[in-house]
Amino acid sequence: MENGNMKKVLRAAFVFFICFMTYSINNAQEDRPVDYIDAMSGVCNDLLKDTWEHFSVSVHSKDMQAIVESRKNCEKAITGSIEKVNKAKSFKGDDLYRQSVLKYLNILHSVISQDYSKIVDMQQVAEESYDNFEAYILAQKKAKEKLNESFKMLQNAEKAFAVKYNIILENTESELINKIKKASEAVDYYNKIYLIFFKSFKQEAYLLDAWRTGDVGKIEQNRKTLTKFSVEGIKKISSEKKYIDDDSLLIECSRALKFYKTEAEEKIPFVIDYLMKRESFEKMQKSFELMDKSEKTQAVIDQYNATVNEFNLAIEKSNEIGESLNKERADIVDKVNSVIAEFIDKHVPK
Amino acid sequence: MIKRRLSKTVIIIFTVITFNSTNVFAEKNDGAIAIDLLQQYHYSGLKIDNKIIDDVKHDFLENLDKNGFFFLKTDIDELLSIPVDTDDFSSFKQNAFYKKSVQLYKSRLTETIQIVSDICSKSLDYYTDETITVFKKNSADYPADQNNKKLLWNKIIKLEILSRVYNLYIDSKTTESMKSFLEKNETQVKTEVEKIEKHRIENILNYSEGFDRYMRQIYLNTIVTRFDPHSMILSSKQINRLISELSSQSDSFGITLNIDYYNNIIIEQIIPGGSAWKSGSINKGDILLSVQVPGEPETDLSGYNISEAYDCINGKSNIITLKIRKKNSLIITCKLLREKISSSNSIMTSYVLDGNKKFGYICLPAFYTDWNTPGQLGCSNDVAKEIIKLQRDKIEGLILDLRDNSGGSIAEAISLAGLFIDEGAMAVAFSKNGEYIVYKDPSRGTIYDGPLIVMVNRQSASASEMVASILKDYNRAVIVGGQTFGKGSAQDMIPVLKDAGKYSESALKRAGDNDYLNYTISIIYNSTGESYQKTGVIPHVVIPEITDINSIKEEKLKYCIAPGKSLKTIMIDRNPYIKSSLLAGKSRARVSSSNRFKAVSYINAGISRLSSTPSVFLNADKFIRDSQARFASVEKANKNIFMKSNVFSARLNSQDKDILLLNSFIKEISKENIKHIEEDVCIDEVYKIALDYINIK
């Protein structure tokens, strides 16, 4: 069965994992604790550049090799930092701060290398998810939560250390930090909109798969789900605000969701009708073959011809729908892809 | 649609036909390998020790001589006293117990042929006051000596003759007395009985692949079933026969046959889309009693081996009528048409029950296959299509009939339940060492969201119980009928090869013509950590059904696995609670005042009496009096149970109506099916329950 389907590959959702310390140490009153806090926060802040570079390549580059390379570099840098902190001693027996740095770095390493099983219960993730894609998204979400949590613990430990040793921490700004903040906002926005759209996109893939195998039950189940997801998606998109002055992502994702809704509600029923008529035709044909000549009366022949005609009309309609859906789908996926590329270029600094 | 009409020839159930299995398994068995594989992979984690060896010794002798017709008591004592150690246990050459048992069994079988000849060469006295005990279910009561064995066989032959003559008498509709009918026909029937009984024994002695191989097969399967009753050895021949029957492009009636432990020809598989499937009357495990070709006398299959039975149904005729004994002992006749089976055709039919409300009715007699058929859509797709058709008929509720459905693949059960559930986890399969798999709905979305009733009975097993359990767990359907069988275990298959490893495509390829070990790998639990293994699924509304005289439920099976409570529970998105006690109360009130259900109770009480006092008179006068009384009460009960419903009438769904009814054979079958639906007392009650369900929802 020709139903085309995803000729275009969509961009993946990006997960922004960079946490950064925005403190600098000022007004140091004791040398050794200041040196200690400086060394520890320095280890984390030194990684900012590596993680940012990896992030930037992942978002902007289309070269898979370059992305893999940048990940490796980033992992190497984190491993180096872990080694440094491992070698460092506690501060006069006070090891809480160092341990929280270590924990954070280890989680960061798992996140960057996408080895979520070390920090997330993947069995539970699999049980809670419908498919591998959902499991991946859920694992990312849980990993990000773990990372944020460990970062907060690190911040708290750092603050406690500063208070204990009478160190004042001051907020600092830098060009890199500003870039990261801006990128973080844009990527968060993009992820939110993209996932609303992608839920239906993925559901349509299941529908097309069922269509390909002619499994009427699965077609109907997936059709109903696509209707539900696209309607929910349209509603969610309509309640979202544009990003600064850019509503391109909202417009294209909404257009795509409307396409899915029409497909599921109006077009696929004809496909189901065709499959049902095919079954009727096959049953009819079989009955006809089994009949004796005497049984093939004019009424029987008329009935046979009527079934054949209905079947032919249904084939025609189904093919017509398949072709027009393929065209429209290809166009929509193209548009969504290009609008994503433009959005990233425009709003995520390099 | 299962014909549940009691047969007029119900007396045939008294014939005691309890011989040995001639299952065609284990071509080249290797006991040691099978035991290793079982100890490695079987759910129970059982290890062979002296207790297991003792059990196997007892079971082996029981399997050889289920009812104590061949061995003497002294034989059994002598054989059981032979020691077997764990090293010799699986060796056919070194196991002295095994060797002696086989040798003695052979001589006892040969000797029995002579006993049958001797008895049948003399005139028999049908007027002595004596009885024979039937329905022995557990340990065999072996004759004390040769003389007792001869007396026993004398009784067996007399019972066979009396039962057959009585059935002929009923069928002949003659006005003469039974006594004179017996006198006239005794000689001929005795000759037949002698032939049949000897043939049964000769079938064992002259087993096509040799007596020794046959014995090894029984011994090996005795070991395997010691692990649990659902593990077994299957030969490549057995598997290939099923597969070739499925893929066959030749014409067929759509059934495969096997022989059970009682030497009955049983329906091993009904081929989806085949004539037997469409008839809706035949289920896996039914016993095939006789075959009739138009214009020829009925052929009684007693004593036939498989190839003889196949020859009988695969003659020249395109139409055959089978006489079948259902698992609940009712006897039905079923007409089949020889035809090509095409998997591309839909093989299911759905009906609309028109009354106060319009309900859809779909009967699924079996899940399509027990093995994987790549690329072939399963029965859930066909159920889905029927539901779509029924929805076009604007049904207000759906009845899914899974009675007598003995199961199939777990994947199909999950897909079928998934048609009614949006998404989520459906079951957890725990294997050895606490490892588990969560089965989830494979497709988001539903086919049908309206009121759903699922019909089950004590013969609903395995996959059909799983569907009922899942839908009950989700509060998605009202489950109605009898408590189900209780097979909540899952099996996997591996070739019996030294380094087989777990099931894999390459391992199966290497298996060639080796045997396969079908073993229990896991126990199925629901979301709350409960399992229907052993106990079965308890319906929301229990309605009486005609009891199976040889009732077997999982919990009665030797070595069945008792599930513990699972520690794993899963969150599922349940539907609102079903007011089942309200529905059950209303149904109970109706059932208790219904004459039709009173007749069901009457039959059940009779069956229960029969089971508790399983003696049959061998005095012709008393036998006749007893049989006639039973016949009359069955006739009366039949009249009261089977009558057209006064709350609904059934018809084919609108889409199929015009098409299916063009063919005269299908038209005839459809008419019959509609009649059975309309006369089924349980469907009648389910229709009323469905009305209540809609009203209280």
# chains A, B, ... in the order shown; residues from 1 in each chain; ligands from 1
>>> interface_residues(of="chain A", to="chain B", cutoff="7 Å", atoms="only C-alpha atoms", output="list in words")
Glu127, Asp215, Val216, Gly217, Lys218, Glu220, Gln221, Asn222, Lys224, Thr225, Glu279, Ser280, Glu282, Lys283, Met284, Ser287, Met291 and Val300 of chain A
>>> residues_around(residues="range 312-326 of chain A", least_positions_apart="5", cutoff="12 Å", atoms="only C-alpha atoms", output="JSON, numbers by chain")
{"A": [1, 2, 3, 4, 5, 6, 7, 8, 204, 208, 211, 212, 256, 259, 260, 262, 263, 264, 266, 267, 268, 269, 270, 271, 272, 273, 274, 275, 276, 277, 278, 279, 280, 281, 305, 306, 307, 331, 332, 333]}
>>> residues_around(residues="Phe69 in chain B", least_positions_apart="6", cutoff="12 Å", atoms="only C-alpha atoms", output="VMD selection string")
chain B and resid 16 to 20 61 to 63 105 108 to 109 111 to 113 115 to 116 136 140 to 146 148 to 157 197 201
>>> write_last_selection(atoms="C-alpha atoms", output="PDB file, in the first residue's frame")
ATOM      1  CA  VAL B  16     -15.218 -46.624  29.921  1.00  0.00           C
ATOM      2  CA  ILE B  17     -12.613 -45.947  27.342  1.00  0.00           C
ATOM      3  CA  THR B  18      -9.431 -45.407  29.224  1.00  0.00           C
ATOM      4  CA  PHE B  19      -6.382 -46.481  27.370  1.00  0.00           C
ATOM      5  CA  ASN B  20      -3.091 -44.911  26.689  1.00  0.00           C
ATOM      6  CA  LEU B  61       2.738 -46.632  35.539  1.00  0.00           C
ATOM      7  CA  GLU B  62      -0.447 -44.630  35.836  1.00  0.00           C
ATOM      8  CA  ASN B  63       0.062 -43.153  32.391  1.00  0.00           C
ATOM      9  CA  TYR B 105       3.499 -53.851  30.052  1.00  0.00           C
ATOM     10  CA  ARG B 108       0.194 -57.694  29.857  1.00  0.00           C
ATOM     11  CA  LEU B 109      -1.119 -56.028  26.690  1.00  0.00           C
ATOM     12  CA  GLU B 111      -2.262 -61.247  27.297  1.00  0.00           C
ATOM     13  CA  THR B 112      -5.256 -58.849  27.364  1.00  0.00           C
ATOM     14  CA  ILE B 113      -5.893 -59.404  23.650  1.00  0.00           C
ATOM     15  CA  ILE B 115      -8.610 -62.290  27.352  1.00  0.00           C
ATOM     16  CA  VAL B 116     -10.827 -60.192  25.066  1.00  0.00           C
ATOM     17  CA  LYS B 136     -12.233 -43.384  38.256  1.00  0.00           C
ATOM     18  CA  ALA B 140      -5.864 -46.961  39.496  1.00  0.00           C
ATOM     19  CA  ASP B 141      -7.399 -49.903  41.249  1.00  0.00           C
ATOM     20  CA  TYR B 142      -5.470 -52.804  39.782  1.00  0.00           C
ATOM     21  CA  PRO B 143      -6.842 -56.360  39.692  1.00  0.00           C
ATOM     22  CA  ALA B 144      -5.404 -58.575  42.409  1.00  0.00           C
ATOM     23  CA  ASP B 145      -4.781 -61.526  40.100  1.00  0.00           C
ATOM     24  CA  GLN B 146      -5.430 -62.936  36.628  1.00  0.00           C
ATOM     25  CA  ASN B 148      -9.913 -60.674  38.727  1.00  0.00           C
ATOM     26  CA  LYS B 149      -8.520 -59.160  35.571  1.00  0.00           C
ATOM     27  CA  LYS B 150     -10.661 -61.523  33.477  1.00  0.00           C
ATOM     28  CA  LEU B 151     -13.727 -60.619  35.534  1.00  0.00           C
ATOM     29  CA  LEU B 152     -12.988 -56.936  35.015  1.00  0.00           C
ATOM     30  CA  TRP B 153     -12.683 -57.373  31.269  1.00  0.00           C
ATOM     31  CA  ASN B 154     -15.869 -59.359  31.227  1.00  0.00           C
ATOM     32  CA  LYS B 155     -17.591 -56.339  32.724  1.00  0.00           C
ATOM     33  CA  ILE B 156     -15.907 -53.877  30.352  1.00  0.00           C
ATOM     34  CA  ILE B 157     -17.029 -55.866  27.314  1.00  0.00           C
ATOM     35  CA  GLU B 197     -11.013 -53.403  21.921  1.00  0.00           C
ATOM     36  CA  ILE B 201      -4.394 -52.575  22.234  1.00  0.00           C
TER      37      ILE B 201
END
>>> select_by_dssp(residues="range 79-323 of chain A", states="alpha helix (DSSP H)", output="PyMOL selection string")
chain A and resi 79-87+96-112+122-128+132-164+175-213+216-238+248-262+268-290+298-323
>>> atom_distance(atom1="CA of Arg200 in chain B", atom2="CA of Thr299 in chain B")
15.8 Å
>>> residues_around(residues="Gly303 in chain B", least_positions_apart="2", cutoff="9 Å", atoms="only C-alpha atoms", output="list in words")
Lys195, Ile196, Glu197, Lys198, His199, Arg200, Ile201, Asn203, Asn263, Asn264, Ile265, Asp300, Leu301 and Asn305 of chain B
>>> residues_around(residues="Ser129 in chain A", least_positions_apart="5", cutoff="8 Å", atoms="only C-alpha atoms", output="VMD selection string")
chain A and resid 134 to 135 138
>>> write_last_selection(atoms="N, CA and C atoms", output="mmCIF file, in the first residue's frame")
data_model
loop_
_atom_site.group_PDB
_atom_site.id
_atom_site.type_symbol
_atom_site.label_atom_id
_atom_site.label_comp_id
_atom_site.auth_asym_id
_atom_site.auth_seq_id
_atom_site.Cartn_x
_atom_site.Cartn_y
_atom_site.Cartn_z
ATOM 1 N N GLU A 134 9.061 7.771 23.931
ATOM 2 C CA GLU A 134 8.575 8.335 25.194
ATOM 3 C C GLU A 134 9.514 7.989 26.341
ATOM 4 N N ALA A 135 10.063 6.782 26.278
ATOM 5 C CA ALA A 135 11.002 6.365 27.330
ATOM 6 C C ALA A 135 12.231 7.274 27.293
ATOM 7 N N LEU A 138 11.280 10.695 28.637
ATOM 8 C CA LEU A 138 11.063 10.616 30.079
ATOM 9 C C LEU A 138 12.394 10.467 30.814
#
>>> closest_residue(among="B:Glu635, B:Asp171, B:Glu183, B:Glu545", to="Ala605 in chain B", atoms="only C-alpha atoms")
B:Glu545
>>> atom_distance(atom1="CA of Asp87 in chain B", atom2="CA of Ile53 in chain B")
10.9 Å
>>> select_by_dssp(residues="range 54-203 of chain A", states="strand (DSSP E)", output="mmCIF file with N, CA and C atoms, in the first residue's frame")
data_model
loop_
_atom_site.group_PDB
_atom_site.id
_atom_site.type_symbol
_atom_site.label_atom_id
_atom_site.label_comp_id
_atom_site.auth_asym_id
_atom_site.auth_seq_id
_atom_site.Cartn_x
_atom_site.Cartn_y
_atom_site.Cartn_z
ATOM 1 N N ILE A 168 31.885 36.038 51.412
ATOM 2 C CA ILE A 168 30.719 36.638 50.744
ATOM 3 C C ILE A 168 30.765 36.292 49.259
ATOM 4 N N LEU A 169 29.653 35.712 48.795
ATOM 5 C CA LEU A 169 29.584 35.337 47.380
ATOM 6 C C LEU A 169 28.826 36.421 46.629
ATOM 7 N N GLU A 170 29.355 36.854 45.509
ATOM 8 C CA GLU A 170 28.669 37.902 44.729
ATOM 9 C C GLU A 170 28.302 37.378 43.355
ATOM 10 N N ASN A 171 27.135 37.833 42.885
ATOM 11 C CA ASN A 171 26.736 37.433 41.529
ATOM 12 C C ASN A 171 27.626 38.092 40.499
#
>>> closest_residue(among="B:Val224, B:Met426, B:Ile319, B:Cys312", to="Thr569 in chain B", atoms="only C-alpha atoms")
B:Met426
>>> closest_residue(among="A:Lys181, A:Arg223, A:Arg98, A:Lys103", to="Ser41 in chain A", atoms="only C-alpha atoms")
A:Arg98
>>> decode(residues="range 123-276 of chain B", atoms="C-alpha atoms", output="short mmCIF file (atom, residue, chain, number, x, y, z; two decimals), in the first residue's frame")
data_model
loop_
_atom_site.label_atom_id
_atom_site.label_comp_id
_atom_site.auth_asym_id
_atom_site.auth_seq_id
_atom_site.Cartn_x
_atom_site.Cartn_y
_atom_site.Cartn_z
CA SER B 123 -21.96 -66.23 25.46
CA LEU B 124 -22.37 -63.48 28.00
CA ASP B 125 -24.93 -63.34 30.74
CA TYR B 126 -26.66 -59.96 30.78
CA TYR B 127 -28.95 -60.75 33.65
CA THR B 128 -26.56 -61.28 36.54
CA ASP B 129 -26.76 -58.56 39.15
CA GLU B 130 -23.45 -56.80 38.89
CA THR B 131 -22.12 -53.30 38.42
CA ILE B 132 -19.00 -51.64 37.05
CA THR B 133 -17.41 -48.55 38.47
CA VAL B 134 -16.77 -45.76 36.00
CA PHE B 135 -15.21 -42.29 36.28
CA LYS B 136 -12.23 -43.38 38.26
CA LYS B 137 -10.27 -40.22 38.40
CA ASN B 138 -7.18 -40.80 40.45
CA SER B 139 -5.21 -43.85 41.45
CA ALA B 140 -5.86 -46.96 39.50
CA ASP B 141 -7.40 -49.90 41.25
CA TYR B 142 -5.47 -52.80 39.78
CA PRO B 143 -6.84 -56.36 39.69
CA ALA B 144 -5.40 -58.58 42.41
CA ASP B 145 -4.78 -61.53 40.10
CA GLN B 146 -5.43 -62.94 36.63
CA ASN B 147 -8.87 -64.13 37.58
CA ASN B 148 -9.91 -60.67 38.73
CA LYS B 149 -8.52 -59.16 35.57
CA LYS B 150 -10.66 -61.52 33.48
CA LEU B 151 -13.73 -60.62 35.53
CA LEU B 152 -12.99 -56.94 35.02
CA TRP B 153 -12.68 -57.37 31.27
CA ASN B 154 -15.87 -59.36 31.23
CA LYS B 155 -17.59 -56.34 32.72
CA ILE B 156 -15.91 -53.88 30.35
CA ILE B 157 -17.03 -55.87 27.31
CA LYS B 158 -20.57 -56.14 28.66
CA LEU B 159 -20.77 -52.42 29.33
CA GLU B 160 -19.50 -51.63 25.83
CA ILE B 161 -22.06 -53.99 24.29
CA LEU B 162 -24.98 -52.73 26.37
CA SER B 163 -24.14 -49.09 25.67
CA ARG B 164 -23.80 -49.64 21.94
CA VAL B 165 -26.95 -51.71 21.67
CA TYR B 166 -28.85 -49.11 23.65
CA ASN B 167 -27.68 -46.31 21.35
CA LEU B 168 -28.66 -48.35 18.29
CA TYR B 169 -32.01 -48.99 19.91
CA ILE B 170 -32.63 -45.28 20.43
CA ASP B 171 -31.51 -44.39 16.92
CA SER B 172 -33.66 -47.14 15.33
CA LYS B 173 -36.82 -45.67 16.88
CA THR B 174 -38.21 -49.21 16.87
CA THR B 175 -41.32 -50.10 18.81
CA GLU B 176 -40.03 -53.50 19.90
CA SER B 177 -38.75 -54.05 23.42
CA MET B 178 -35.16 -53.32 24.24
CA LYS B 179 -34.78 -56.84 25.52
CA SER B 180 -35.62 -58.43 22.18
CA PHE B 181 -33.56 -55.77 20.40
CA LEU B 182 -30.59 -56.82 22.51
CA GLU B 183 -31.09 -60.46 21.70
CA LYS B 184 -31.25 -59.76 17.96
CA ASN B 185 -28.23 -57.49 17.80
CA GLU B 186 -25.96 -58.85 20.54
CA THR B 187 -23.82 -61.11 18.33
CA GLN B 188 -23.07 -58.46 15.76
CA VAL B 189 -22.32 -55.80 18.35
CA LYS B 190 -20.12 -58.20 20.30
CA THR B 191 -18.04 -58.85 17.18
CA GLU B 192 -17.65 -55.10 16.70
CA VAL B 193 -16.68 -54.56 20.32
CA GLU B 194 -14.12 -57.38 20.18
CA LYS B 195 -12.60 -55.84 17.07
CA ILE B 196 -12.51 -52.35 18.59
CA GLU B 197 -11.01 -53.40 21.92
CA LYS B 198 -8.35 -55.53 20.29
CA HIS B 199 -7.59 -52.77 17.83
CA ARG B 200 -7.01 -50.32 20.66
CA ILE B 201 -4.39 -52.58 22.23
CA GLU B 202 -2.80 -53.48 18.90
CA ASN B 203 -2.45 -49.78 18.14
CA ILE B 204 -0.15 -49.54 21.14
CA LEU B 205 1.80 -52.71 20.41
CA ASN B 206 2.21 -51.89 16.74
CA TYR B 207 2.84 -48.17 17.12
CA SER B 208 4.02 -46.85 13.77
CA GLU B 209 7.43 -45.86 15.02
CA GLY B 210 7.90 -48.87 17.22
CA PHE B 211 6.71 -49.91 20.65
CA ASP B 212 10.02 -48.96 22.30
CA ARG B 213 9.90 -45.45 20.99
CA TYR B 214 6.33 -45.13 22.15
CA MET B 215 7.33 -46.18 25.67
CA ARG B 216 10.23 -43.73 25.73
CA GLN B 217 7.87 -40.96 24.69
CA ILE B 218 5.49 -41.69 27.53
CA TYR B 219 8.34 -41.91 30.05
CA LEU B 220 9.90 -38.65 28.90
CA ASN B 221 6.62 -36.78 28.97
CA THR B 222 5.92 -38.19 32.43
CA ILE B 223 9.14 -36.54 33.60
CA VAL B 224 8.30 -33.27 31.85
CA THR B 225 4.78 -33.06 33.24
CA ARG B 226 6.22 -33.62 36.75
CA PHE B 227 7.48 -30.03 36.45
CA ASP B 228 3.97 -28.77 35.70
CA PRO B 229 0.98 -30.03 33.71
CA HIS B 230 1.48 -27.64 30.79
CA SER B 231 5.06 -28.52 29.97
CA MET B 232 5.45 -31.15 27.28
CA ILE B 233 7.64 -32.54 24.57
CA LEU B 234 6.43 -31.99 21.03
CA SER B 235 7.91 -33.76 18.06
CA SER B 236 8.96 -31.89 14.95
CA LYS B 237 6.43 -34.10 13.18
CA GLN B 238 3.65 -32.80 15.35
CA ILE B 239 4.66 -29.18 14.82
CA ASN B 240 5.15 -29.64 11.10
CA ARG B 241 1.76 -31.24 10.75
CA LEU B 242 0.12 -28.22 12.33
CA ILE B 243 2.11 -25.78 10.23
CA SER B 244 1.56 -27.60 6.97
CA GLU B 245 -2.13 -27.84 7.70
CA LEU B 246 -2.17 -24.09 8.24
CA SER B 247 -0.28 -23.19 5.10
CA SER B 248 -1.95 -25.86 3.05
CA GLN B 249 -3.57 -24.67 -0.11
CA SER B 250 -5.40 -27.95 -0.48
CA ASP B 251 -9.03 -28.37 0.42
CA SER B 252 -9.73 -29.39 3.98
CA PHE B 253 -12.32 -29.39 6.72
CA GLY B 254 -10.02 -27.24 8.81
CA ILE B 255 -9.22 -29.50 11.76
CA THR B 256 -6.15 -31.35 12.94
CA LEU B 257 -6.46 -34.43 15.13
CA ASN B 258 -4.56 -36.08 17.94
CA ILE B 259 -5.18 -38.84 20.46
CA ASP B 260 -5.54 -38.20 24.18
CA TYR B 261 -4.61 -40.31 27.15
CA TYR B 262 -7.90 -42.14 26.87
CA ASN B 263 -7.22 -43.06 23.26
CA ASN B 264 -9.96 -40.73 22.11
CA ILE B 265 -9.49 -38.94 18.81
CA ILE B 266 -9.46 -35.29 19.82
CA ILE B 267 -9.57 -32.03 17.91
CA GLU B 268 -6.02 -30.74 18.23
CA GLN B 269 -6.48 -27.50 16.32
CA ILE B 270 -9.18 -25.74 14.40
CA ILE B 271 -7.77 -23.86 11.46
CA PRO B 272 -8.89 -20.24 11.39
CA GLY B 273 -11.18 -19.60 8.48
CA GLY B 274 -11.74 -23.28 7.85
CA SER B 275 -15.09 -24.96 7.78
CA ALA B 276 -14.86 -26.18 11.41
#
